[in-house]
Amino acid sequence: MTENELHLFLKKNFPKEDEKCEWKEFKNLKHSVSGHLGEDIISYISGISNSGGGNLIVGIEDCTLNIVGIQNFHDYNIDNIKFRILGNLTHFDSDNFEIEEIKTSDTNKTIWIFKIPKHPFRQCVFAHKKAWQRIGEHLIEIRDERKEAIIYENVLIEDWSKEIIEEATIDDLDENAIIKARQEFIKRNPKYNDDIDSWDNAKFLNKAKLTIKGKITRTCFILLGKEEEEHFLDSAVKIRWNLKTVDNQDKDFEIFSIPLILSVDEIFLKIRNLKYRYLREGTLFPDEVLRYDPFVIREPLNNAIAHQDYSKKSRINVVEFEDDHLVFSNYGTFLPNSVEDVVLKDTPEESYRNPFLVEAMRNLGMIETQGGGIRKVFNFQKQRFFPLPDYDFADGKVKVTITGKVINKDFAKILIKNPEITLEDTLVLDKVQKKKSLDDVEFNYLKKKRFIEGRKGSNYISYNVIEPTKDKDLLAEYINNRSFDDKHFKEIILEFISKSGETKRRDIDNLIIPKLSAVLTEEQKKNKVKNFLFSLSKEGKIESIEYATWNIRK
């Protein structure tokens, strides 16, 4: 391709700069790949990806479309530059990212065309720890409205569960499963109580939205199909129950198949839901509850069925760790924006992986689609003072852990003695006691309610929350976390240097660091001492006389 032909090609395919196209000279690639934030290649890739995907053409003069070519490649080629770029981007779709090299045959000028995919579903692409976007031909840090549009976007998913199984008939359905479906349907839909006995099976299946105009759907077969006829489904629809000891040794297992409306009851009966007893302070009579409220077992199991990505041809797993906790897992990303959104907003999600299956399960009383099911599970755990459910979304799966006992007795005591703490409060406080980081909204919320003290990143549960427990261990932990104020430590340092004379920094560290708040990391403690010394030096009280050595200023 000659330079003139390349110019015509670019003019035809990339005629102007906008949200989806950017021309950049970048004649020298040495500092252009990951250099100045907002001006380098990775920033433009982030911006174009967050704006829906498009192209970045390098070696083209801005505005004019004149071909200048890349003149200094540094040590890059189109293979290794791809690895450098991917290493500096977060949440970027590497599978669909391509770089095309075009070299003019007459003038020996080289340009690169970066073909940039759209951001992943509900995730912004970050460069330099910032998300960028394009507005016209301008690159800016992502605006809140664009960020929210990405985070809360819906996706059209082909509904696998709605497909018709042409060869299947009502005779391929399990009679006991149909009877169970009728019983559950009338519980959820009592308005049909006087009519349901007059319906034949075909009419009932249509009313329950299991079939479409009398034709058997995959949903109908998942819930009601005969086990021996599972060949009608082109996917593995099985649930594996596995009993393990707490130290992960296998004790028993069983695999359940269709019809799942019956299998869920069989799995429920497999789980050893024994009584759990614990003493409340001030009484000799123990509280006695089941380890797992029945709803806490059924809801995650039925959710796994409803939201399983059946195209993966994988089993749903229920793992029971003996007298300790349950783990439910299924393939498929979690479609709601976050667990916190579902629990706190208590509203239905706008999109589902298998909407036809979800609607049928709702009609049969197997799940709730009004946003309340997961919230109920959290509430049941809070009422028992057990740890809140833990969600893990790694490896393209949803894994839910339900613990059937008190793990942190101190935290349970805090909840018992502070009944005004709501589920919303517990969700965020749970992060504090698990030493997870808080975002600005969570930190400010807990500060306003006087549930925590300290600075962001080194916060701890407040005296207001601990005092009602009358627990000396919790109070000692609080005092240890709070430590002393900066003035106190600066006075100790001054006295130490005054009495010691020339003092090494390591000696000051050894004196102060053990006394600092327990919520600080080792690095934060060292920085704290560094700041004390800087402040005392600025006040003219001490001076550095040689490297890492201090003395009283004379």
# chains A, B, ... in the order shown; residues from 1 in each chain; ligands from 1

call {"tool": "residues_around", "arguments": {"residues": "Asn176 in chain A", "least_positions_apart": "4", "cutoff": "10 Å", "atoms": "only C-alpha atoms", "output": "JSON, numbers by chain"}}
result
{"A": [180, 181, 182, 224, 226, 259, 261, 262]}

call {"tool": "residues_around", "arguments": {"residues": "range 292-303 of chain A", "least_positions_apart": "4", "cutoff": "7 Å", "atoms": "only C-alpha atoms", "output": "JSON, numbers by chain"}}
result
{"A": [273, 307, 328, 366, 367, 373, 377, 404]}

call {"tool": "select_by_dssp", "arguments": {"residues": "range 179-379 of chain A", "states": "strand (DSSP E)", "output": "NGL selection string"}}
result
:A and (211-212 or 215-216 or 239-244 or 250-256 or 275-279 or 286-290 or 316-321 or 325-331)

call {"tool": "closest_residue", "arguments": {"among": "A:Ser198, A:Asn189, A:Gln71, A:Ser43", "to": "Ala127 in chain A", "atoms": "only C-alpha atoms"}}
result
A:Ser43

call {"tool": "select_by_dssp", "arguments": {"residues": "range 306-456 of chain A", "states": "helix (DSSP H, G or I)", "output": "MDAnalysis selection string"}}
result
chainID A and resid 306:307 310:312 339:345 355:363 373:384 394:396 409:417 423:433 440:448

call {"tool": "residues_around", "arguments": {"residues": "Arg218 in chain A", "least_positions_apart": "2", "cutoff": "8 Å", "atoms": "only C-alpha atoms", "output": "PyMOL selection string"}}
result
chain A and resi 160-165+216+220-222+233

call {"tool": "closest_residue", "arguments": {"among": "A:Phe496, A:Phe92, A:Tyr331, A:Phe451", "to": "Ala304 in chain A", "atoms": "only C-alpha atoms"}}
result
A:Tyr331

call {"tool": "residues_around", "arguments": {"residues": "Tyr460 in chain A", "least_positions_apart": "5", "cutoff": "12 Å", "atoms": "only C-alpha atoms", "output": "ChimeraX atom specification"}}
result
/A:429-438,443,446-447,450-455,465-466,474-475,477-483,517-520

call {"tool": "write_last_selection", "arguments": {"atoms": "N, CA, C and O atoms", "output": "short mmCIF file (atom, residue, chain, number, x, y, z; two decimals), in the first residue's frame"}}
result
data_model
loop_
_atom_site.label_atom_id
_atom_site.label_comp_id
_atom_site.auth_asym_id
_atom_site.auth_seq_id
_atom_site.Cartn_x
_atom_site.Cartn_y
_atom_site.Cartn_z
N LEU A 429 -20.51 -2.38 59.33
CA LEU A 429 -19.70 -2.70 60.52
C LEU A 429 -19.00 -4.05 60.36
O LEU A 429 -17.90 -4.25 60.88
N ASP A 430 -19.65 -4.96 59.65
CA ASP A 430 -19.05 -6.28 59.40
C ASP A 430 -17.70 -6.13 58.69
O ASP A 430 -16.77 -6.88 58.94
N LYS A 431 -17.60 -5.11 57.82
CA LYS A 431 -16.33 -4.84 57.12
C LYS A 431 -15.27 -4.37 58.11
O LYS A 431 -14.09 -4.71 57.98
N VAL A 432 -15.68 -3.56 59.10
CA VAL A 432 -14.72 -3.03 60.07
C VAL A 432 -14.13 -4.17 60.89
O VAL A 432 -12.92 -4.29 61.05
N GLN A 433 -15.02 -5.06 61.40
CA GLN A 433 -14.51 -6.14 62.25
C GLN A 433 -13.73 -7.17 61.46
O GLN A 433 -12.88 -7.87 62.00
N LYS A 434 -13.97 -7.25 60.14
CA LYS A 434 -13.18 -8.15 59.28
C LYS A 434 -11.96 -7.45 58.69
O LYS A 434 -11.24 -8.02 57.88
N LYS A 435 -11.75 -6.18 59.10
CA LYS A 435 -10.61 -5.37 58.66
C LYS A 435 -10.57 -5.20 57.13
O LYS A 435 -9.51 -5.22 56.50
N LYS A 436 -11.76 -5.05 56.54
CA LYS A 436 -11.84 -4.75 55.11
C LYS A 436 -11.91 -3.23 54.93
O LYS A 436 -12.35 -2.51 55.81
N SER A 437 -11.46 -2.76 53.78
CA SER A 437 -11.42 -1.31 53.55
C SER A 437 -12.83 -0.76 53.32
O SER A 437 -13.69 -1.44 52.75
N LEU A 438 -13.04 0.46 53.78
CA LEU A 438 -14.32 1.16 53.58
C LEU A 438 -14.15 2.21 52.50
O LEU A 438 -13.10 2.86 52.42
N PHE A 443 -17.46 5.03 55.15
CA PHE A 443 -16.72 5.63 56.27
C PHE A 443 -17.50 6.80 56.86
O PHE A 443 -17.67 6.88 58.09
N LEU A 446 -20.67 5.62 58.86
CA LEU A 446 -20.39 5.09 60.20
C LEU A 446 -19.90 6.17 61.15
O LEU A 446 -20.21 6.15 62.35
N LYS A 447 -19.14 7.13 60.62
CA LYS A 447 -18.68 8.25 61.44
C LYS A 447 -19.86 9.09 61.95
O LYS A 447 -19.93 9.47 63.12
N ARG A 450 -21.60 7.56 64.68
CA ARG A 450 -20.70 7.40 65.82
C ARG A 450 -20.47 5.92 66.14
O ARG A 450 -20.35 5.52 67.29
N PHE A 451 -20.39 5.11 65.06
CA PHE A 451 -20.12 3.68 65.22
C PHE A 451 -18.62 3.39 65.15
O PHE A 451 -18.19 2.33 65.57
N ILE A 452 -17.85 4.31 64.57
CA ILE A 452 -16.41 4.09 64.46
C ILE A 452 -15.66 5.35 64.87
O ILE A 452 -16.22 6.44 64.89
N GLU A 453 -14.37 5.15 65.18
CA GLU A 453 -13.46 6.25 65.46
C GLU A 453 -12.20 6.04 64.62
O GLU A 453 -12.02 5.00 63.99
N GLY A 454 -11.34 7.05 64.62
CA GLY A 454 -10.11 6.95 63.85
C GLY A 454 -10.26 7.51 62.45
O GLY A 454 -11.34 7.95 62.04
N ARG A 455 -9.15 7.48 61.71
CA ARG A 455 -9.13 7.98 60.35
C ARG A 455 -9.44 6.87 59.36
O ARG A 455 -9.32 5.69 59.67
N VAL A 465 -20.25 2.05 70.82
CA VAL A 465 -20.75 0.72 70.49
C VAL A 465 -20.26 -0.31 71.49
O VAL A 465 -20.98 -1.25 71.84
N ILE A 466 -19.03 -0.14 71.97
CA ILE A 466 -18.42 -1.13 72.87
C ILE A 466 -18.93 -0.99 74.31
O ILE A 466 -19.12 -1.98 75.01
N LEU A 474 -13.04 -6.24 75.19
CA LEU A 474 -13.37 -5.31 74.10
C LEU A 474 -12.89 -3.90 74.43
O LEU A 474 -12.41 -3.18 73.55
N LEU A 475 -13.04 -3.50 75.70
CA LEU A 475 -12.58 -2.17 76.12
C LEU A 475 -11.06 -2.07 75.99
O LEU A 475 -10.53 -1.05 75.53
N GLU A 477 -9.18 -3.73 73.93
CA GLU A 477 -8.88 -3.66 72.50
C GLU A 477 -9.13 -2.25 71.97
O GLU A 477 -8.36 -1.73 71.16
N TYR A 478 -10.22 -1.63 72.45
CA TYR A 478 -10.54 -0.26 72.03
C TYR A 478 -9.42 0.70 72.44
O TYR A 478 -8.97 1.53 71.65
N ILE A 479 -8.96 0.60 73.70
CA ILE A 479 -7.89 1.48 74.20
C ILE A 479 -6.62 1.26 73.38
O ILE A 479 -5.92 2.22 73.00
N ASN A 480 -6.33 0.02 73.06
CA ASN A 480 -5.14 -0.31 72.27
C ASN A 480 -5.24 0.26 70.86
O ASN A 480 -4.26 0.74 70.29
N ASN A 481 -6.46 0.23 70.30
CA ASN A 481 -6.66 0.79 68.97
C ASN A 481 -6.56 2.31 68.98
O ASN A 481 -6.02 2.92 68.06
N ARG A 482 -7.10 2.91 70.03
CA ARG A 482 -7.14 4.37 70.09
C ARG A 482 -5.76 4.95 70.30
O ARG A 482 -5.41 5.99 69.73
N SER A 483 -4.96 4.30 71.13
CA SER A 483 -3.61 4.75 71.44
C SER A 483 -3.66 6.16 72.04
O SER A 483 -4.58 6.49 72.78
N SER A 517 -1.22 2.86 67.60
CA SER A 517 -2.50 2.15 67.49
C SER A 517 -2.35 0.82 66.76
O SER A 517 -1.67 0.72 65.74
N ALA A 518 -3.02 -0.21 67.27
CA ALA A 518 -2.94 -1.55 66.70
C ALA A 518 -3.59 -1.65 65.32
O ALA A 518 -3.35 -2.61 64.59
N VAL A 519 -4.42 -0.67 64.96
CA VAL A 519 -5.09 -0.75 63.65
C VAL A 519 -4.17 -0.28 62.52
O VAL A 519 -4.49 -0.47 61.35
N LEU A 520 -3.02 0.33 62.87
CA LEU A 520 -2.09 0.79 61.83
C LEU A 520 -1.21 -0.36 61.35
O LEU A 520 -0.82 -1.22 62.12
#

call {"tool": "residues_around", "arguments": {"residues": "range 130-139 of chain A", "least_positions_apart": "5", "cutoff": "6 Å", "atoms": "only C-alpha atoms", "output": "ChimeraX atom specification"}}
result
/A:17-19,46-47,50-51,125

call {"tool": "write_last_selection", "arguments": {"atoms": "N, CA and C atoms", "output": "PDB file, in the first residue's frame"}}
result
ATOM      1  N   GLU A  17     -12.112  12.514  14.033  1.00  0.00           N
ATOM      2  CA  GLU A  17     -11.924  12.164  15.433  1.00  0.00           C
ATOM      3  C   GLU A  17     -13.230  12.376  16.200  1.00  0.00           C
ATOM      4  N   ASP A  18     -13.595  11.390  16.996  1.00  0.00           N
ATOM      5  CA  ASP A  18     -14.783  11.490  17.842  1.00  0.00           C
ATOM      6  C   ASP A  18     -14.623  10.529  19.012  1.00  0.00           C
ATOM      7  N   GLU A  19     -15.766  10.153  19.655  1.00  0.00           N
ATOM      8  CA  GLU A  19     -15.678   9.262  20.813  1.00  0.00           C
ATOM      9  C   GLU A  19     -15.037   7.915  20.479  1.00  0.00           C
ATOM     10  N   SER A  46      -8.233   3.494  27.440  1.00  0.00           N
ATOM     11  CA  SER A  46      -9.252   3.505  28.496  1.00  0.00           C
ATOM     12  C   SER A  46     -10.444   4.362  28.069  1.00  0.00           C
ATOM     13  N   GLY A  47     -10.170   5.572  27.559  1.00  0.00           N
ATOM     14  CA  GLY A  47     -11.243   6.487  27.184  1.00  0.00           C
ATOM     15  C   GLY A  47     -12.104   5.957  26.053  1.00  0.00           C
ATOM     16  N   ASN A  50     -14.193   2.900  27.341  1.00  0.00           N
ATOM     17  CA  ASN A  50     -15.309   3.334  28.187  1.00  0.00           C
ATOM     18  C   ASN A  50     -16.369   4.096  27.407  1.00  0.00           C
ATOM     19  N   SER A  51     -16.039   4.508  26.183  1.00  0.00           N
ATOM     20  CA  SER A  51     -17.005   5.213  25.331  1.00  0.00           C
ATOM     21  C   SER A  51     -17.635   4.277  24.309  1.00  0.00           C
ATOM     22  N   VAL A 125     -12.884   0.684  32.413  1.00  0.00           N
ATOM     23  CA  VAL A 125     -11.481   0.359  32.156  1.00  0.00           C
ATOM     24  C   VAL A 125     -10.622   1.475  32.762  1.00  0.00           C
TER      25      VAL A 125
END

call {"tool": "residues_around", "arguments": {"residues": "Ala149 in chain A", "least_positions_apart": "2", "cutoff": "12 Å", "atoms": "only C-alpha atoms", "output": "PyMOL selection string"}}
result
chain A and resi 50-52+119+121-124+142-147+151-155+337

call {"tool": "residues_around", "arguments": {"residues": "Pro468 in chain A", "least_positions_apart": "6", "cutoff": "10 Å", "atoms": "only C-alpha atoms", "output": "JSON, numbers by chain"}}
result
{"A": [413, 414, 416, 417, 418]}

call {"tool": "closest_residue", "arguments": {"among": "A:Asn444, A:Asn80, A:Thr469, A:Asn248", "to": "Phe411 in chain A", "atoms": "only C-alpha atoms"}}
result
A:Thr469
